[in-house]
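What follows is a short report on a single structure.
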Amino acid sequence: MTERMPVITGLGAITPLGLSYKDLWSGLCQGRCGIGRITAFDPVGFTCQIAGQAPEFNIRDHVPKAIRKTTKLMSRDIELAVLAANEAFKDAGLKTKAFDEQNITINPQRTAIILGAGLISCDLIEIAPAVAKGVTDGKFDIRQWGLHSIEQITPLWLLKYLPNMLACHVGIIHDIQGPSNTITCAEAAGQLAIGEAALIIARGDADVAIAGGGEAKVNPIVHLRQCLLKRATADYNDNPEIACRPFDSDAKGSVFGEAAACVILETPENAKSRGANVYAQIIGIGQSCSINAKYESLEPDGKGVQFAIEAALEQAKIKPCNLDLIIPHGTGVFDDDAAEARGIQTVLGSCLDRIPVFPTKSMVSNSGAAAGAVDVIAGCCAIKDGIIPAAKNCGNINKHCKLNIVKEQIKKKINYALCTSYTYGGQTAAVVLKNNE
């Protein structure tokens with residue numbers, strides 16, 4: 001089955017660095033930061049008042065005219081996924097029903113869609129009136145909610161917030177009729193979705209797939225949770241450019257944001273037959289679950305990260321020393337960075353000092369279910385251009401993180417790149433990309 005592992009022929013992303021994957025890549029290469037003060041809601045009163053927000057857009061401009069009414073049922077997460085998917089198909093040179101109904105170049109029945117999604121939190125303006133009606137004597141009464149509050153909510157309200165609706169809307173827009181699934185494993189979801197899509201193609205159940213993830217974490221309810229769990233930094237509200245510091249000794253917490261990233265996967269034969277541009281080939285996938293009893297943090301020894309990387313390298317049939325680039329999860333949470341570093345260090349062994357490590361979240365923030373897919377796109381661009389950008393805000397490396405963090409941009413041929421991700425629930429993922437030249 002590994003001989004049929006797919007190639008990546010299309011990229012699409014919307015991130016705090018811009019509305020396209022090219023904006024993402026040029027921003028990373030230039031060391032630009034997409035983190036700033038929150039404007040999506042008033043952050044006064046929150047310990048962390050900064051986030052990574054994507055540029056504004058009108059979703060109606062990005063869907064076929066015939067289904068513009070459906071945009072009323074799209075949460076921000078869904079909108080982000082739609083934009084990323086559109087770009088990925090266009091970048092791959094594939095025509096779907098959304099672009100040209102008379103000249104479709106995919107077989108809908110042989111096209112799969114696997115997307116990662118997060119906890120889609122409702123907009124307060126929609127639910128606040130219903131909650132208010134459920135209050136009795138100053139306290140929320142669940143019985144009143146069932147009797148009266150629910151009447152304040154439109155019957156179709158839930159359709160905006162089901163995690164599978166990202167894949168549903170993208171599938172409808174592009175008429176995807178093959179295997180479909182949604183991965184809801186938080187920050188690992190994007191890479192797990194790409195891995196699942198790769199295996200669907202490898203076992204012959206599809207010729208083409210779109211995979212990745214999307215999540216909008218710039219929401220007062222979601223943001224409040226990260227603040228209460230003390231994952232979000234409270235120290236850099238006045239200087240967001242330096243707020244997220246992966247693997248740095250001055251790391252004080254993560255910065256959360258929004259993004260969506262999608263890749264087009266194809267069988268090598270399918271890509272070759274149509275003369276497609278190939279960014280990289282997926283040759284190794286790994287995953288594990290190693291939960292910490294203290295669920296707010298990654299387990300200190302980083303075993304889950306280690307297991308996922310080892311599995312991916314084994315499937316790829318390469319040694320750790322063959323790697324030319326590692327893009328880690330790197331959130332900027334001091335203890336979690338140290339734990340992830342330990343997991344990576346255990347795998348690399350004597351190769352530790354020579355393999356460049358490039359964390360991205362200091363520039364794009366932690367976008368949850370999109371994060372791992374964003375890093376896969378960064379890996380593809382690095383392979384294609386032969387460039388490893390300089391890390392940002394990593395000038396004073398945490399003494400527990402003995403990684404070769406890239407201090408200045410490197411130009412070199414990249415044969416193999418590794419991307420990793422993990423969740424606070426214990427899931428981990430790893431993807432090995434191969435230069436297809």
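For the structure tokens, the naming scheme is as follows: chains receive sequential letters (A, B, ...) according to their order of presentation, residues are indexed from 1 within each chain, and ligands are indexed from 1 in presentation order.
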
### Query
Do you know which residues are at most 10 Å from region 228-244 of chain A counting only C-alpha atoms, after dropping those on the same chain fewer than 3 positions away, and could you put them as a PyMOL selection string?
chain A and resi 32-38+46-52+223-225+247-248+250-256+296-297+330-334+336+360-366+392-394

Residues just named, written with N, CA and C atoms as a compact mmCIF listing (two decimals), in the first residue's frame:
```txt
# COMPACT_ATOMS: atom_id res chain seq x y z
N ARG A 32 7.25 37.81 9.16
CA ARG A 32 6.12 38.66 9.56
C ARG A 32 5.27 37.96 10.61
N CYS A 33 4.64 38.74 11.44
CA CYS A 33 3.78 38.20 12.50
C CYS A 33 2.33 38.60 12.24
N GLY A 34 1.43 37.63 12.26
CA GLY A 34 0.01 37.90 12.03
C GLY A 34 -0.78 38.06 13.32
N ILE A 35 -0.07 38.18 14.43
CA ILE A 35 -0.74 38.29 15.73
C ILE A 35 -0.92 39.75 16.11
N GLY A 36 -2.11 40.09 16.61
CA GLY A 36 -2.39 41.47 17.02
C GLY A 36 -3.51 41.51 18.03
N ARG A 37 -3.90 42.71 18.42
CA ARG A 37 -4.99 42.86 19.38
C ARG A 37 -6.29 42.36 18.76
N ILE A 38 -7.08 41.68 19.54
CA ILE A 38 -8.34 41.11 19.07
C ILE A 38 -9.31 42.21 18.65
N PHE A 46 -10.24 40.16 29.50
CA PHE A 46 -9.55 38.89 29.26
C PHE A 46 -8.08 39.04 29.63
N THR A 47 -7.49 38.02 30.21
CA THR A 47 -6.07 38.09 30.54
C THR A 47 -5.22 38.16 29.28
N CYS A 48 -5.64 37.49 28.23
CA CYS A 48 -4.96 37.56 26.93
C CYS A 48 -5.86 38.32 25.97
N GLN A 49 -5.34 39.39 25.41
CA GLN A 49 -6.15 40.25 24.56
C GLN A 49 -5.65 40.28 23.12
N ILE A 50 -4.86 39.28 22.76
CA ILE A 50 -4.30 39.21 21.41
C ILE A 50 -4.61 37.85 20.78
N ALA A 51 -4.56 37.81 19.47
CA ALA A 51 -4.85 36.57 18.74
C ALA A 51 -4.36 36.71 17.31
N GLY A 52 -4.37 35.59 16.59
CA GLY A 52 -4.05 35.61 15.16
C GLY A 52 -5.34 35.61 14.36
N HIS A 223 -11.96 31.53 23.63
CA HIS A 223 -10.81 32.27 24.15
C HIS A 223 -10.79 32.27 25.68
N LEU A 224 -11.96 32.41 26.27
CA LEU A 224 -12.06 32.42 27.73
C LEU A 224 -11.53 31.11 28.31
N ARG A 225 -11.85 30.01 27.67
CA ARG A 225 -11.39 28.71 28.17
C ARG A 225 -9.87 28.63 28.18
N PHE A 247 9.61 27.24 22.22
CA PHE A 247 10.90 26.71 22.66
C PHE A 247 11.84 27.76 23.24
N ASP A 248 11.31 28.93 23.55
CA ASP A 248 12.14 30.01 24.09
C ASP A 248 12.07 30.04 25.61
N ASP A 250 11.81 32.49 27.47
CA ASP A 250 10.87 33.53 27.93
C ASP A 250 9.43 33.23 27.51
N ALA A 251 9.16 32.01 27.08
CA ALA A 251 7.80 31.63 26.68
C ALA A 251 6.87 31.70 27.88
N LYS A 252 5.73 32.37 27.70
CA LYS A 252 4.77 32.55 28.79
C LYS A 252 3.39 31.99 28.46
N GLY A 253 3.28 31.33 27.32
CA GLY A 253 1.99 30.78 26.94
C GLY A 253 1.76 30.91 25.45
N SER A 254 0.71 30.29 24.97
CA SER A 254 0.40 30.29 23.55
C SER A 254 -0.44 31.49 23.17
N VAL A 255 -0.54 31.73 21.88
CA VAL A 255 -1.47 32.72 21.33
C VAL A 255 -2.36 31.97 20.35
N PHE A 256 -3.65 32.11 20.49
CA PHE A 256 -4.59 31.35 19.67
C PHE A 256 -5.12 32.19 18.52
N GLU A 296 -4.37 19.28 31.22
CA GLU A 296 -4.10 20.60 30.66
C GLU A 296 -2.77 20.67 29.94
N SER A 297 -1.91 19.68 30.13
CA SER A 297 -0.55 19.74 29.59
C SER A 297 -0.18 18.44 28.87
N GLY A 330 5.21 23.19 18.63
CA GLY A 330 5.74 24.41 19.22
C GLY A 330 4.74 25.50 19.56
N THR A 331 4.05 25.38 20.69
CA THR A 331 2.97 26.32 21.02
C THR A 331 3.41 27.57 21.76
N GLY A 332 4.57 27.52 22.43
CA GLY A 332 4.96 28.64 23.28
C GLY A 332 4.57 28.45 24.73
N VAL A 333 3.99 27.31 25.07
CA VAL A 333 3.74 26.94 26.47
C VAL A 333 5.01 26.26 26.96
N PHE A 334 5.66 26.83 27.95
CA PHE A 334 7.00 26.43 28.36
C PHE A 334 7.13 24.93 28.58
N ASP A 336 5.09 22.44 27.82
CA ASP A 336 4.69 21.63 26.66
C ASP A 336 5.78 21.63 25.59
N THR A 360 6.39 27.49 13.56
CA THR A 360 5.66 28.54 12.82
C THR A 360 4.71 29.38 13.67
N LYS A 361 4.30 28.90 14.83
CA LYS A 361 3.20 29.55 15.54
C LYS A 361 3.53 30.93 16.09
N SER A 362 4.80 31.28 16.17
CA SER A 362 5.15 32.63 16.58
C SER A 362 4.67 33.65 15.57
N MET A 363 4.37 33.19 14.34
CA MET A 363 3.90 34.08 13.28
C MET A 363 2.44 33.87 12.91
N VAL A 364 1.97 32.63 13.02
CA VAL A 364 0.59 32.33 12.58
C VAL A 364 -0.36 32.00 13.73
N SER A 365 0.15 31.89 14.95
CA SER A 365 -0.64 31.55 16.14
C SER A 365 -1.05 30.08 16.12
N ASN A 366 -1.71 29.65 17.19
CA ASN A 366 -2.19 28.28 17.31
C ASN A 366 -3.64 28.25 16.82
N LYS A 392 11.06 32.77 14.51
CA LYS A 392 10.80 34.07 15.13
C LYS A 392 10.60 33.90 16.63
N ASN A 393 11.14 34.82 17.41
CA ASN A 393 10.98 34.84 18.87
C ASN A 393 11.59 33.62 19.56
N CYS A 394 12.64 33.08 18.99
CA CYS A 394 13.30 31.91 19.58
C CYS A 394 14.78 32.21 19.83
```

### Query
Counting only C-alpha atoms, what is within 12 Å of Leu166 (chain A), bar same-chain residues fewer than 2 positions away, as JSON, numbers by chain?
{"A": [71, 73, 74, 75, 76, 77, 78, 79, 80, 81, 82, 83, 84, 85, 113, 114, 115, 116, 117, 118, 119, 120, 159, 160, 161, 162, 163, 164, 168, 169, 170, 171, 172, 173, 180, 181, 182, 183, 184, 211, 212, 213, 214, 215, 216, 260, 261, 262, 369, 370]}

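Excluding Leu94 (chain A) itself and any same-chain residue fewer than 5 positions from it, the protein and nucleic acid residues within 7 Å of it, counting only C-alpha atoms, are A:Phe89, A:Thr105, A:Ile106.
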
### Task
Name the residues in contact with Val263 (chain A) at a cut-off of 10 Å, using only C-alpha atoms, excluding same-chain residues fewer than 4 positions from it; report them as a VMD selection string.
chain A and resid 7 to 13 84 to 85 87 to 89 91 to 92 194 209 to 213 373 to 374 376 to 377 380

### Task
Mind checking which residues fall within 9 Å of Leu124 (chain A), counting only C-alpha atoms, ignoring those fewer than 5 positions away in the same chain, and posting them as a PyMOL selection string?
chain A and resi 129+219-221

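Each of A:Lys97, A:Lys133, A:Gly372, A:Leu265 was checked against Asn277 (chain A) using only C-alpha atoms; the smallest atom-to-atom distance is that of A:Leu265.
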
### Task
Just list the residues in region 318-424 of chain A DSSP gives helix (DSSP H, G or I) on the backbone, as JSON, numbers by chain.
{"A": [320, 321, 322, 334, 335, 336, 337, 338, 339, 340, 341, 342, 343, 344, 345, 346, 347, 348, 349, 350, 351, 361, 362, 363, 364, 368, 369, 370, 371, 372, 373, 374, 375, 376, 377, 378, 379, 380, 381, 382, 383, 384, 385]}

Now that the selection is made, can you save its residues with C-alpha atoms as a PDB file, in the first residue's frame?
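Below is the file result-v7.pdb, written as the result:
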```pdb
ATOM      1  CA  PRO A 320      16.044  10.060  11.604  1.00  0.00           C
ATOM      2  CA  CYS A 321      19.331  11.293  10.121  1.00  0.00           C
ATOM      3  CA  ASN A 322      17.712  11.390   6.667  1.00  0.00           C
ATOM      4  CA  PHE A 334       7.003  26.435  28.359  1.00  0.00           C
ATOM      5  CA  ASP A 335       6.431  22.937  29.775  1.00  0.00           C
ATOM      6  CA  ASP A 336       4.691  21.633  26.662  1.00  0.00           C
ATOM      7  CA  ASP A 337       7.525  22.824  24.427  1.00  0.00           C
ATOM      8  CA  ALA A 338      10.003  21.046  26.694  1.00  0.00           C
ATOM      9  CA  ALA A 339       7.932  17.848  26.568  1.00  0.00           C
ATOM     10  CA  GLU A 340       7.635  17.923  22.770  1.00  0.00           C
ATOM     11  CA  ALA A 341      11.372  18.612  22.496  1.00  0.00           C
ATOM     12  CA  ARG A 342      12.112  15.565  24.661  1.00  0.00           C
ATOM     13  CA  GLY A 343      10.026  13.388  22.374  1.00  0.00           C
ATOM     14  CA  ILE A 344      11.800  14.698  19.278  1.00  0.00           C
ATOM     15  CA  GLN A 345      15.209  14.435  20.953  1.00  0.00           C
ATOM     16  CA  THR A 346      14.614  10.790  21.845  1.00  0.00           C
ATOM     17  CA  VAL A 347      13.946   9.947  18.200  1.00  0.00           C
ATOM     18  CA  LEU A 348      16.762  12.017  16.679  1.00  0.00           C
ATOM     19  CA  GLY A 349      19.492  10.835  19.020  1.00  0.00           C
ATOM     20  CA  SER A 350      22.916  11.650  17.590  1.00  0.00           C
ATOM     21  CA  CYS A 351      21.315  13.512  14.636  1.00  0.00           C
ATOM     22  CA  LYS A 361       3.201  29.547  15.544  1.00  0.00           C
ATOM     23  CA  SER A 362       5.147  32.629  16.582  1.00  0.00           C
ATOM     24  CA  MET A 363       3.902  34.085  13.275  1.00  0.00           C
ATOM     25  CA  VAL A 364       0.593  32.334  12.578  1.00  0.00           C
ATOM     26  CA  GLY A 368      -6.342  24.442  16.505  1.00  0.00           C
ATOM     27  CA  ALA A 369      -7.602  21.948  13.916  1.00  0.00           C
ATOM     28  CA  ALA A 370      -5.977  23.959  11.123  1.00  0.00           C
ATOM     29  CA  ALA A 371      -2.535  24.158  12.738  1.00  0.00           C
ATOM     30  CA  GLY A 372      -1.099  20.852  11.554  1.00  0.00           C
ATOM     31  CA  ALA A 373      -2.310  21.370   7.987  1.00  0.00           C
ATOM     32  CA  VAL A 374      -0.793  24.874   7.953  1.00  0.00           C
ATOM     33  CA  ASP A 375       2.546  23.287   8.856  1.00  0.00           C
ATOM     34  CA  VAL A 376       2.237  20.661   6.105  1.00  0.00           C
ATOM     35  CA  ILE A 377       1.769  23.474   3.592  1.00  0.00           C
ATOM     36  CA  ALA A 378       4.829  25.229   5.015  1.00  0.00           C
ATOM     37  CA  GLY A 379       6.737  21.967   4.610  1.00  0.00           C
ATOM     38  CA  CYS A 380       5.639  21.617   0.983  1.00  0.00           C
ATOM     39  CA  CYS A 381       6.723  25.189   0.195  1.00  0.00           C
ATOM     40  CA  ALA A 382      10.070  24.669   1.907  1.00  0.00           C
ATOM     41  CA  ILE A 383      10.695  21.562  -0.200  1.00  0.00           C
ATOM     42  CA  LYS A 384       9.611  23.274  -3.415  1.00  0.00           C
ATOM     43  CA  ASP A 385      11.693  26.419  -2.898  1.00  0.00           C
TER      44      ASP A 385
END
```

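Assigned to strand (DSSP E) in region 7-46 of chain A, given DSSP computed from backbone atoms, are Val7, Ile8, Thr9, Gly10, Leu11, Gly12, Ala13, Ile14, Ile35, Gly36 and Arg37 of chain A.
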
Expected file contents, prior selection, C-alpha atoms, as a compact mmCIF listing (two decimals), in the first residue's frame:
```
# COMPACT_ATOMS: atom_id res chain seq x y z
CA VAL A 7 1.52 13.21 -3.99
CA ILE A 8 0.43 16.73 -3.04
CA THR A 9 -0.54 18.79 -6.09
CA GLY A 10 -2.52 21.71 -4.65
CA LEU A 11 -2.29 24.02 -1.66
CA GLY A 12 -4.80 26.38 -0.12
CA ALA A 13 -4.70 28.41 3.07
CA ILE A 14 -6.19 31.38 4.84
CA ILE A 35 -0.74 38.29 15.73
CA GLY A 36 -2.39 41.47 17.02
CA ARG A 37 -4.99 42.86 19.38
```

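For the atom pair formed by CA of Asn435 (chain A) and CA of Gly190 (chain A), the distance is 20.8 Å, given to one decimal.
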
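Closest approach to Ile414 (chain A) among A:Ala280, A:Arg60, A:Pro300, A:Leu313: A:Ala280, based on only C-alpha atoms.
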
### Interatomic distance, CA of Gly45 (chain A) to CA of Lys217 (chain A) (Å, one decimal)
17.5 Å
